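In what follows, a structure is listed as structure tokens, so that the remarks can point back to it.
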Amino acid sequence: MAINKVEIIPLGGIGEFGMNCMGIRYGDEMIIVDAGMGFPEETPYGVDISIPNFDFLEEYRDEMTAIILTHGHEDHIGALAYILKKYNLPVYSSRFTLALAEKRLIEFDMLDDVLMHRVKANDIVEIGNFKVEFIHASHSLVECFSLAIHTPVGTIIHTGDYKIDDTPVIGKPYDLETLGRIGDEGVLALLCDSTNATVPGRTPSEMAVIPAFEEIFEQTEGRLIVSTFSSSLHRLQIVFDVAHQFGRKVCVLGRSMLKNIEIAAEQGLLKIPHGLSVELSFARKLADDEVCYLVTGSQGEMRAALWNLATGSYKGMEVEKGDTVVLSARIIPGNEKNISRLIGNLYKRGANIIEEKRRLVHVSGHASQGDIKIMVETAKPKFVIPIHGEYRMLFRQKEFIKNHVGSYDDNDIILIENGNVLELDERSAVVVEKRELYKTFIDEESMEEIEYDVVRERKKLAYGGAISLVVAMEKNTNQLNGEPQVTFEGVAGIDPLNGFSAQARKSVSDAIADMKPDHIANRTMFKENLRIHLKRFVQKELSSKPVIVTTILEV
Ligand SMILES: [Zn+2]
């Protein structure tokens, strides 16, 4: 049904870290902002990646007109292939973001089917009812946008990920001038990044880490290994620059980092002096103080270069006594244990470790409270809607703005959740519907979707183990043929000597003897009754809830 209000419907990224995706709807048209992946808590059950549940969009199939990507981080573009598989929509973004997105689509063999529109900062693109204006934003990545989405009921600003960086290493500062002009014309709502809303003050500029790096390069005599996010382009540029300044070559290890550097260098975003970057075979011949390794794996990821270097499983190179390892990254929530294990392994090998706690070797790419204040005061929106972050961060953004910025009260700052439908017009902003929204899980090996039920089943297996019951029945008489077979996998409380198996077999035999013949003849009912019987028996005897698999054989 066509509507004359704007609807904002987040599919992910609200109340959680990652998986950013949002539908914005007016009339009978909807645009999608970002399609990101997330990193679910269900990792122990064999899923490393989650994406929004795009089936949710089925009812809008005929209304959707475009996907707009704010920037190229995985939590904003990582689910692009999956949404495009379901809905073939044109994609709009910067040259760099599209280049990253294209690399992903090639892996899915989808590139030829997708229409990509390259846009630049300050472009205005008309998409049906919407006019989308791209505002240059500063962040830890390059060519990022905030969006001004002009609709018939007013302008909505989506900040994307941002910080107000006056001196980025690559590109220009955040374009406050354009934001201010749009603010003066009137802004209905500001959808504002909350990732760092709990942090007081301003987020330091990307430039702020240079002195610490200069010191480290100056003081280090042995080999230097710097690990950072493979997409932190400003940081990569700094490492190249400082290495050059102190006479070290740079050897990059890690596929994702090599790929990002290749794209960014091709597009002239990264500037690497000729001959500075060297292959591993060349680097190994250099003296310890003539080389710096720039590697992936700052989060302790077990497939990344740094983990392999720290555990002796990287071909042709390992961390040795006297090496200095710089972890130029923050800990992403959920990665604490992996990073701790990584650091333990590095210490075992005799490396010296420099973390952000000890030296200023990392700055965030997200807006702190001081940046949020500048954002709100420049855009001057009627309503603020905190996005991108756990609920705690959204809440703290609301509190901060209420207490420290202009004249905003409870009704002006609206906290929403994934699956909410927020309706906006010139005067009001109201959540009119709250829908249940599940995640979709992805298997990292095959990149295929895993059903929610499969993960639920795996969880049950992990907690309770499994019991297999096989019962052989005579076809003609419906009598039990021999003893039932009961086998256990990972069920606590059973050992071969305590007779539990024999008790379980007897209990099932007795139960079958008590059943009515027509209940046995109906095999579906028979099977289910056996399962329930055994489940109750196990629960009573062992107080555990294993998954029970019943098989009936006809003999
Ligand atoms: Zn980002």
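Chain identifiers are assigned as A, B, and so on, following the order in which chains appear in the structure tokens; residues are numbered from 1 within each chain, and ligands are numbered from 1 in order of appearance.
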Write out as a compact mmCIF listing (two decimals) with N, CA and C atoms, in the first residue's frame each polymer residue whose atoms come within 12 Å of A:Leu469, counting only C-alpha atoms; drop sequence neighbours fewer than 2 positions from it.
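The resulting part39.txt:
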```txt
# COMPACT_ATOMS: atom_id res chain seq x y z
N ALA A 466 23.82 -36.73 21.61
CA ALA A 466 22.77 -37.39 20.81
C ALA A 466 22.62 -38.85 21.21
N ILE A 467 21.38 -39.34 21.09
CA ILE A 467 21.13 -40.76 21.28
C ILE A 467 20.47 -41.28 20.01
N VAL A 471 15.04 -49.55 16.07
CA VAL A 471 14.09 -50.60 16.43
C VAL A 471 13.74 -51.39 15.17
N ALA A 472 13.89 -52.71 15.22
CA ALA A 472 13.52 -53.54 14.06
C ALA A 472 12.15 -54.18 14.32
N GLU A 483 16.36 -57.11 20.22
CA GLU A 483 16.38 -55.99 21.17
C GLU A 483 16.55 -54.67 20.44
N PRO A 484 15.97 -53.60 20.95
CA PRO A 484 16.26 -52.28 20.35
C PRO A 484 17.75 -51.95 20.54
N GLN A 485 18.30 -51.19 19.61
CA GLN A 485 19.69 -50.76 19.76
C GLN A 485 19.73 -49.29 20.18
N VAL A 486 20.49 -49.02 21.22
CA VAL A 486 20.61 -47.63 21.69
C VAL A 486 22.09 -47.26 21.71
N THR A 487 22.46 -46.20 20.98
CA THR A 487 23.86 -45.74 21.01
C THR A 487 23.91 -44.26 21.39
N PHE A 488 25.00 -43.90 22.04
CA PHE A 488 25.11 -42.55 22.61
C PHE A 488 26.32 -41.82 22.03
N GLU A 489 26.16 -40.53 21.78
CA GLU A 489 27.31 -39.70 21.39
C GLU A 489 27.29 -38.44 22.26
N SER A 501 22.76 -48.46 29.37
CA SER A 501 22.34 -48.92 28.04
C SER A 501 21.31 -50.03 28.15
N ALA A 504 18.02 -48.72 29.27
CA ALA A 504 17.34 -47.98 28.20
C ALA A 504 16.70 -48.95 27.21
N ARG A 505 17.44 -50.00 26.85
CA ARG A 505 16.91 -51.01 25.91
C ARG A 505 15.65 -51.66 26.49
N SER A 507 13.67 -50.52 28.84
CA SER A 507 12.58 -49.55 28.95
C SER A 507 11.85 -49.39 27.61
N VAL A 508 12.61 -49.36 26.51
CA VAL A 508 11.98 -49.21 25.18
C VAL A 508 11.19 -50.49 24.84
N SER A 509 11.77 -51.66 25.13
CA SER A 509 11.07 -52.93 24.85
C SER A 509 9.75 -52.99 25.63
N LYS A 527 6.97 -43.97 15.80
CA LYS A 527 8.31 -43.38 15.88
C LYS A 527 8.35 -42.21 16.88
N GLU A 528 7.34 -41.35 16.79
CA GLU A 528 7.30 -40.18 17.67
C GLU A 528 7.09 -40.61 19.13
N LEU A 530 8.04 -43.42 20.48
CA LEU A 530 9.30 -43.98 20.96
C LEU A 530 10.27 -42.87 21.37
N ARG A 531 10.32 -41.84 20.52
CA ARG A 531 11.23 -40.73 20.80
C ARG A 531 10.87 -40.06 22.13
N ILE A 532 9.57 -39.82 22.30
CA ILE A 532 9.13 -39.14 23.54
C ILE A 532 9.40 -40.04 24.76
N HIS A 533 9.15 -41.34 24.57
CA HIS A 533 9.38 -42.27 25.68
C HIS A 533 10.86 -42.23 26.13
N LEU A 534 11.74 -42.35 25.15
CA LEU A 534 13.17 -42.39 25.47
C LEU A 534 13.65 -41.06 26.05
N LYS A 535 13.09 -39.99 25.52
CA LYS A 535 13.45 -38.66 26.00
C LYS A 535 13.12 -38.52 27.49
N VAL A 547 19.69 -34.86 21.89
CA VAL A 547 18.87 -34.98 20.68
C VAL A 547 18.65 -36.47 20.45
N ILE A 548 17.40 -36.88 20.21
CA ILE A 548 17.12 -38.31 20.03
C ILE A 548 16.70 -38.59 18.59
N VAL A 549 17.43 -39.52 17.98
CA VAL A 549 17.14 -39.86 16.59
C VAL A 549 16.60 -41.29 16.55
N THR A 550 15.39 -41.46 16.09
CA THR A 550 14.79 -42.81 16.05
C THR A 550 14.74 -43.34 14.62
N THR A 551 15.06 -44.61 14.48
CA THR A 551 14.97 -45.25 13.16
C THR A 551 14.17 -46.55 13.33
N ILE A 552 13.24 -46.79 12.44
CA ILE A 552 12.47 -48.05 12.50
C ILE A 552 12.78 -48.87 11.25
N LEU A 553 13.21 -50.08 11.47
CA LEU A 553 13.52 -50.97 10.34
C LEU A 553 12.40 -51.98 10.20
```
Item to check | Contacts of ligand 1, 7 Å or closer, only C-alpha atoms and all ligand atoms, given as a VMD selection string | outcome: chain A and resid 71 73 139 to 141 161
Checklist entry - Which of stretch 270-446 of chain A counts as alpha helix (DSSP H) under DSSP, as an NGL selection string please? => result :A and (280-283 or 305-310 or 336-348 or 369-379 or 391-404)
Item to check | Among the residues A:Ser368, A:Thr220, A:Ser298, A:Asn53, the one that comes closest to A:Arg248 [using only C-alpha atoms] | outcome: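 With only C-alpha atoms as the atom set, the closest residue is A:Thr220.
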Checklist entry - In Å, with one decimal, what is the gap from atom CA of A:Leu147 to atom CA of A:Tyr174? => result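 These two atoms are separated by 12.6 Å.
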Next on the checklist: So that I can see what lies close to A:Ile182, please list as number ranges by chain the residues with an atom at most 9 Å from it, counting only C-alpha atoms and leaving out residues fewer than 2 positions away in the same chain.
Outcome noted: A: 148, 155, 177-180, 184-187, 378-379
Selected residues written out with C-alpha atoms, as an mmCIF file, in the first residue's frame:
```cif
data_model
loop_
_atom_site.group_PDB
_atom_site.id
_atom_site.type_symbol
_atom_site.label_atom_id
_atom_site.label_comp_id
_atom_site.auth_asym_id
_atom_site.auth_seq_id
_atom_site.Cartn_x
_atom_site.Cartn_y
_atom_site.Cartn_z
ATOM 1 C CA ALA A 148 21.041 13.286 2.628
ATOM 2 C CA THR A 155 15.197 15.374 4.407
ATOM 3 C CA GLU A 177 29.918 22.835 4.814
ATOM 4 C CA THR A 178 27.530 20.759 2.733
ATOM 5 C CA LEU A 179 26.000 19.252 5.868
ATOM 6 C CA GLY A 180 25.474 22.764 7.254
ATOM 7 C CA ASP A 184 19.919 25.301 7.077
ATOM 8 C CA GLU A 185 17.406 24.108 4.490
ATOM 9 C CA GLY A 186 15.785 21.889 7.133
ATOM 10 C CA VAL A 187 16.376 18.313 8.218
ATOM 11 C CA THR A 378 25.340 21.251 12.055
ATOM 12 C CA ALA A 379 22.490 19.117 10.668
#
```
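What separates atom CA of A:Ile124 from atom CA of A:Ile261 is a distance of 29.1 Å.
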Checklist entry - Among stretch 133-197 of chain A, which residues carry a DSSP assignment of strand (DSSP E), reported as a ChimeraX atom specification? => result /A:133-137,144-151,154-158,187-193
Next on the checklist: Set the distance at 10 Å and use only C-alpha atoms: which residues neighbour stretch 27-30 of chain A once local chain neighbours fewer than 6 positions away are removed? I'd like the list as a list of chain:residue names.
Outcome noted: A:Met1, A:Ala2, A:Ile3, A:Asn4, A:Lys5, A:Val6, A:Glu7, A:Ile8, A:Ile9, A:Leu57, A:Tyr60, A:Arg61, A:Asp62, A:Glu63, A:Met64, A:Thr65, A:Ala66, A:Ile67, A:Ile127, A:Gly128, A:Asn129, A:Phe130, A:Thr151, A:Pro152
Please dump the current selection as a PDB file, in the first residue's frame; keep C-alpha atoms.
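Output (part.pdb):
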```pdb
ATOM      1  CA  MET A   1       0.000   0.000   0.000  1.00  0.00           C
ATOM      2  CA  ALA A   2       1.332   3.423  -0.903  1.00  0.00           C
ATOM      3  CA  ILE A   3       2.046   5.691   2.031  1.00  0.00           C
ATOM      4  CA  ASN A   4       2.419   9.447   2.371  1.00  0.00           C
ATOM      5  CA  LYS A   5       4.803   9.229   5.285  1.00  0.00           C
ATOM      6  CA  VAL A   6       8.389   8.040   5.349  1.00  0.00           C
ATOM      7  CA  GLU A   7       8.959   4.635   6.856  1.00  0.00           C
ATOM      8  CA  ILE A   8      12.317   3.618   8.276  1.00  0.00           C
ATOM      9  CA  ILE A   9      12.750  -0.126   8.683  1.00  0.00           C
ATOM     10  CA  LEU A  57      11.790  -7.718   2.169  1.00  0.00           C
ATOM     11  CA  TYR A  60       8.367  -4.968  -0.802  1.00  0.00           C
ATOM     12  CA  ARG A  61       9.705  -6.894  -3.800  1.00  0.00           C
ATOM     13  CA  ASP A  62       7.993  -4.643  -6.342  1.00  0.00           C
ATOM     14  CA  GLU A  63       8.750  -1.451  -4.428  1.00  0.00           C
ATOM     15  CA  MET A  64      12.509  -1.691  -4.028  1.00  0.00           C
ATOM     16  CA  THR A  65      14.410   0.530  -6.448  1.00  0.00           C
ATOM     17  CA  ALA A  66      18.067   0.696  -5.352  1.00  0.00           C
ATOM     18  CA  ILE A  67      20.764  -0.246  -2.880  1.00  0.00           C
ATOM     19  CA  ILE A 127      15.691   7.577  -7.543  1.00  0.00           C
ATOM     20  CA  GLY A 128      11.904   7.763  -7.929  1.00  0.00           C
ATOM     21  CA  ASN A 129      10.495   9.639  -4.950  1.00  0.00           C
ATOM     22  CA  PHE A 130      13.914  10.025  -3.392  1.00  0.00           C
ATOM     23  CA  THR A 151      11.802  12.946   0.420  1.00  0.00           C
ATOM     24  CA  PRO A 152       8.455  14.707  -0.107  1.00  0.00           C
TER      25      PRO A 152
END
```
Item to check | Which residue of A:Leu542, A:Ile520, A:Val384, A:Ala283 approaches A:Leu188 most closely, using only C-alpha atoms | outcome: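 Closest residue, counting only C-alpha atoms: A:Val384.
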Tell me, counting only C-alpha atoms, for each residue of stretch 167-229 of chain A within 7 Å of stretch 312-330 of chain A, which pair of atoms is nearest and how far apart they are in Å to one decimal, in rows ordered by chain and increasing number, as CSV.
```
residue,atom,partner,partner_atom,distance
A:Gly222,CA,A:Asp323,CA,5.7
A:Arg223,CA,A:Asp323,CA,4.9
A:Leu224,CA,A:Thr324,CA,5.0
A:Ile225,CA,A:Val325,CA,4.7
A:Val226,CA,A:Val326,CA,4.7
A:Ser227,CA,A:Leu327,CA,5.2
A:Thr228,CA,A:Ser328,CA,4.9
A:Phe229,CA,A:Ala329,CA,6.7
```
For all heavy atoms, I'd like the residues from the last selection saved as a PDB file, in the first residue's frame.
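As a result, again-v5.pdb now contains:
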```
ATOM      1  N   GLY A 222      65.368  -4.428  15.860  1.00  0.00           N
ATOM      2  CA  GLY A 222      65.093  -5.709  15.193  1.00  0.00           C
ATOM      3  C   GLY A 222      64.010  -5.578  14.135  1.00  0.00           C
ATOM      4  O   GLY A 222      63.739  -4.484  13.632  1.00  0.00           O
ATOM      5  N   ARG A 223      63.392  -6.692  13.847  1.00  0.00           N
ATOM      6  CA  ARG A 223      62.327  -6.672  12.840  1.00  0.00           C
ATOM      7  C   ARG A 223      61.068  -6.046  13.429  1.00  0.00           C
ATOM      8  O   ARG A 223      60.794  -6.142  14.608  1.00  0.00           O
ATOM      9  CB  ARG A 223      61.999  -8.100  12.391  1.00  0.00           C
ATOM     10  CG  ARG A 223      63.128  -8.746  11.618  1.00  0.00           C
ATOM     11  CD  ARG A 223      62.647  -9.964  10.880  1.00  0.00           C
ATOM     12  NE  ARG A 223      62.093 -10.955  11.789  1.00  0.00           N
ATOM     13  CZ  ARG A 223      61.711 -12.176  11.397  1.00  0.00           C
ATOM     14  NH1 ARG A 223      61.824 -12.533  10.124  1.00  0.00           N
ATOM     15  NH2 ARG A 223      61.216 -13.021  12.267  1.00  0.00           N
ATOM     16  N   LEU A 224      60.303  -5.417  12.571  1.00  0.00           N
ATOM     17  CA  LEU A 224      59.055  -4.784  12.991  1.00  0.00           C
ATOM     18  C   LEU A 224      57.905  -5.465  12.261  1.00  0.00           C
ATOM     19  O   LEU A 224      57.962  -5.650  11.043  1.00  0.00           O
ATOM     20  CB  LEU A 224      59.090  -3.313  12.590  1.00  0.00           C
ATOM     21  CG  LEU A 224      59.213  -2.274  13.687  1.00  0.00           C
ATOM     22  CD1 LEU A 224      59.396  -0.911  13.067  1.00  0.00           C
ATOM     23  CD2 LEU A 224      57.994  -2.265  14.591  1.00  0.00           C
ATOM     24  N   ILE A 225      56.881  -5.821  13.015  1.00  0.00           N
ATOM     25  CA  ILE A 225      55.686  -6.398  12.406  1.00  0.00           C
ATOM     26  C   ILE A 225      54.501  -5.558  12.867  1.00  0.00           C
ATOM     27  O   ILE A 225      54.258  -5.433  14.073  1.00  0.00           O
ATOM     28  CB  ILE A 225      55.510  -7.866  12.852  1.00  0.00           C
ATOM     29  CG1 ILE A 225      56.727  -8.682  12.384  1.00  0.00           C
ATOM     30  CG2 ILE A 225      54.221  -8.460  12.297  1.00  0.00           C
ATOM     31  CD1 ILE A 225      56.845 -10.047  13.026  1.00  0.00           C
ATOM     32  N   VAL A 226      53.806  -4.946  11.928  1.00  0.00           N
ATOM     33  CA  VAL A 226      52.657  -4.096  12.280  1.00  0.00           C
ATOM     34  C   VAL A 226      51.393  -4.786  11.795  1.00  0.00           C
ATOM     35  O   VAL A 226      51.278  -5.143  10.626  1.00  0.00           O
ATOM     36  CB  VAL A 226      52.755  -2.700  11.624  1.00  0.00           C
ATOM     37  CG1 VAL A 226      51.533  -1.861  11.986  1.00  0.00           C
ATOM     38  CG2 VAL A 226      54.040  -1.989  12.049  1.00  0.00           C
ATOM     39  N   SER A 227      50.450  -4.978  12.707  1.00  0.00           N
ATOM     40  CA  SER A 227      49.183  -5.578  12.311  1.00  0.00           C
ATOM     41  C   SER A 227      48.057  -4.579  12.496  1.00  0.00           C
ATOM     42  O   SER A 227      47.950  -3.922  13.532  1.00  0.00           O
ATOM     43  CB  SER A 227      48.901  -6.826  13.146  1.00  0.00           C
ATOM     44  OG  SER A 227      47.764  -7.478  12.622  1.00  0.00           O
ATOM     45  N   THR A 228      47.220  -4.454  11.475  1.00  0.00           N
ATOM     46  CA  THR A 228      46.079  -3.550  11.565  1.00  0.00           C
ATOM     47  C   THR A 228      44.944  -4.125  10.721  1.00  0.00           C
ATOM     48  O   THR A 228      45.100  -5.162  10.083  1.00  0.00           O
ATOM     49  CB  THR A 228      46.453  -2.125  11.121  1.00  0.00           C
ATOM     50  OG1 THR A 228      45.349  -1.252  11.382  1.00  0.00           O
ATOM     51  CG2 THR A 228      46.786  -2.050   9.642  1.00  0.00           C
ATOM     52  N   PHE A 229      43.779  -3.486  10.748  1.00  0.00           N
ATOM     53  CA  PHE A 229      42.666  -3.939   9.901  1.00  0.00           C
ATOM     54  C   PHE A 229      43.067  -3.756   8.442  1.00  0.00           C
ATOM     55  O   PHE A 229      43.652  -2.727   8.079  1.00  0.00           O
ATOM     56  CB  PHE A 229      41.413  -3.117  10.180  1.00  0.00           C
ATOM     57  CG  PHE A 229      40.904  -3.260  11.581  1.00  0.00           C
ATOM     58  CD1 PHE A 229      40.957  -2.199  12.462  1.00  0.00           C
ATOM     59  CD2 PHE A 229      40.390  -4.469  12.038  1.00  0.00           C
ATOM     60  CE1 PHE A 229      40.495  -2.325  13.765  1.00  0.00           C
ATOM     61  CE2 PHE A 229      39.927  -4.614  13.337  1.00  0.00           C
ATOM     62  CZ  PHE A 229      39.981  -3.537  14.198  1.00  0.00           C
TER      63      PHE A 229
END
```
Closest pair table for stretch 274-327 of chain A residues within 10 Å of stretch 254-260 of chain A, only C-alpha atoms, as a Markdown table:
```
| residue | atom | partner | partner_atom | distance |
| --- | --- | --- | --- | --- |
| A:Leu294 | CA | A:Gly254 | CA | 8.5 |
| A:Val295 | CA | A:Gly254 | CA | 5.9 |
| A:Thr296 | CA | A:Gly254 | CA | 5.3 |
| A:Gly297 | CA | A:Gly254 | CA | 8.2 |
| A:Arg303 | CA | A:Gly254 | CA | 9.5 |
| A:Ala304 | CA | A:Gly254 | CA | 6.5 |
| A:Ala305 | CA | A:Gly254 | CA | 5.4 |
| A:Leu306 | CA | A:Gly254 | CA | 8.5 |
```
Please report as a Markdown table every residue of stretch 269-387 of chain A lying within 12 Å of stretch 195-214 of chain A, along with the nearest atom pair and their distance in Å (one decimal), using only C-alpha atoms.
```
| residue | atom | partner | partner_atom | distance |
| --- | --- | --- | --- | --- |
| A:Cys292 | CA | A:Phe213 | CA | 11.9 |
| A:Val325 | CA | A:Phe213 | CA | 12.0 |
| A:Val326 | CA | A:Phe213 | CA | 9.2 |
| A:Leu327 | CA | A:Phe213 | CA | 11.4 |
| A:Ser328 | CA | A:Val209 | CA | 9.2 |
| A:Ala329 | CA | A:Val209 | CA | 11.2 |
| A:Ile332 | CA | A:Thr195 | CA | 11.2 |
| A:Pro333 | CA | A:Thr195 | CA | 11.5 |
| A:Ile354 | CA | A:Ala212 | CA | 10.4 |
| A:Glu355 | CA | A:Ala212 | CA | 11.1 |
| A:Glu356 | CA | A:Val209 | CA | 9.9 |
| A:Arg358 | CA | A:Ala212 | CA | 10.1 |
| A:Arg359 | CA | A:Ala212 | CA | 6.4 |
| A:Leu360 | CA | A:Val209 | CA | 5.6 |
| A:Val361 | CA | A:Val209 | CA | 5.2 |
| A:His362 | CA | A:Val209 | CA | 6.2 |
| A:Val363 | CA | A:Pro204 | CA | 6.2 |
| A:Ser364 | CA | A:Thr203 | CA | 6.6 |
| A:Gly365 | CA | A:Thr203 | CA | 7.7 |
| A:His366 | CA | A:Asn196 | CA | 5.9 |
| A:Ala367 | CA | A:Asn196 | CA | 5.7 |
| A:Ser368 | CA | A:Asn196 | CA | 4.9 |
| A:Gln369 | CA | A:Pro200 | CA | 5.2 |
| A:Gly370 | CA | A:Arg202 | CA | 4.5 |
| A:Asp371 | CA | A:Arg202 | CA | 5.6 |
| A:Ile372 | CA | A:Ala197 | CA | 7.6 |
| A:Lys373 | CA | A:Arg202 | CA | 9.4 |
| A:Ile374 | CA | A:Arg202 | CA | 9.6 |
| A:Met375 | CA | A:Arg202 | CA | 11.6 |
| A:Pro386 | CA | A:Ala197 | CA | 9.4 |
| A:Ile387 | CA | A:Thr195 | CA | 8.3 |
```
Checklist entry - In Å, how far is it from atom CA of A:Asn420 to atom CA of A:Ile385? => result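 A separation of 12.3 Å between them.
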Next on the checklist: Which residues are near A:Phe145? Cut-off 6 Å, only C-alpha atoms, ignore same chain within fewer than 6 positions. Put them as an MDAnalysis selection string.
Outcome noted: chainID A and resid 70 134:137
Write out, as a JSON list (two decimals), in the first residue's frame, the residues just selected, with C-alpha atoms.
```json
[["chain", "number", "residue", "atom", "x", "y", "z"],
["A", 70, "THR", "CA", 27.69, 4.29, 2.45],
["A", 134, "PHE", "CA", 26.15, 12.10, -1.24],
["A", 135, "ILE", "CA", 28.15, 13.93, 1.45],
["A", 136, "HIS", "CA", 31.87, 13.25, 1.87],
["A", 137, "ALA", "CA", 32.43, 11.62, 5.29]]
```
Item to check | For stretch 405-412 of chain A: contacts at 7 Å, only C-alpha atoms, fewer than 2 positions along chain excluded, given as a ChimeraX atom specification | outcome: /A:373,382-384,401-403,414
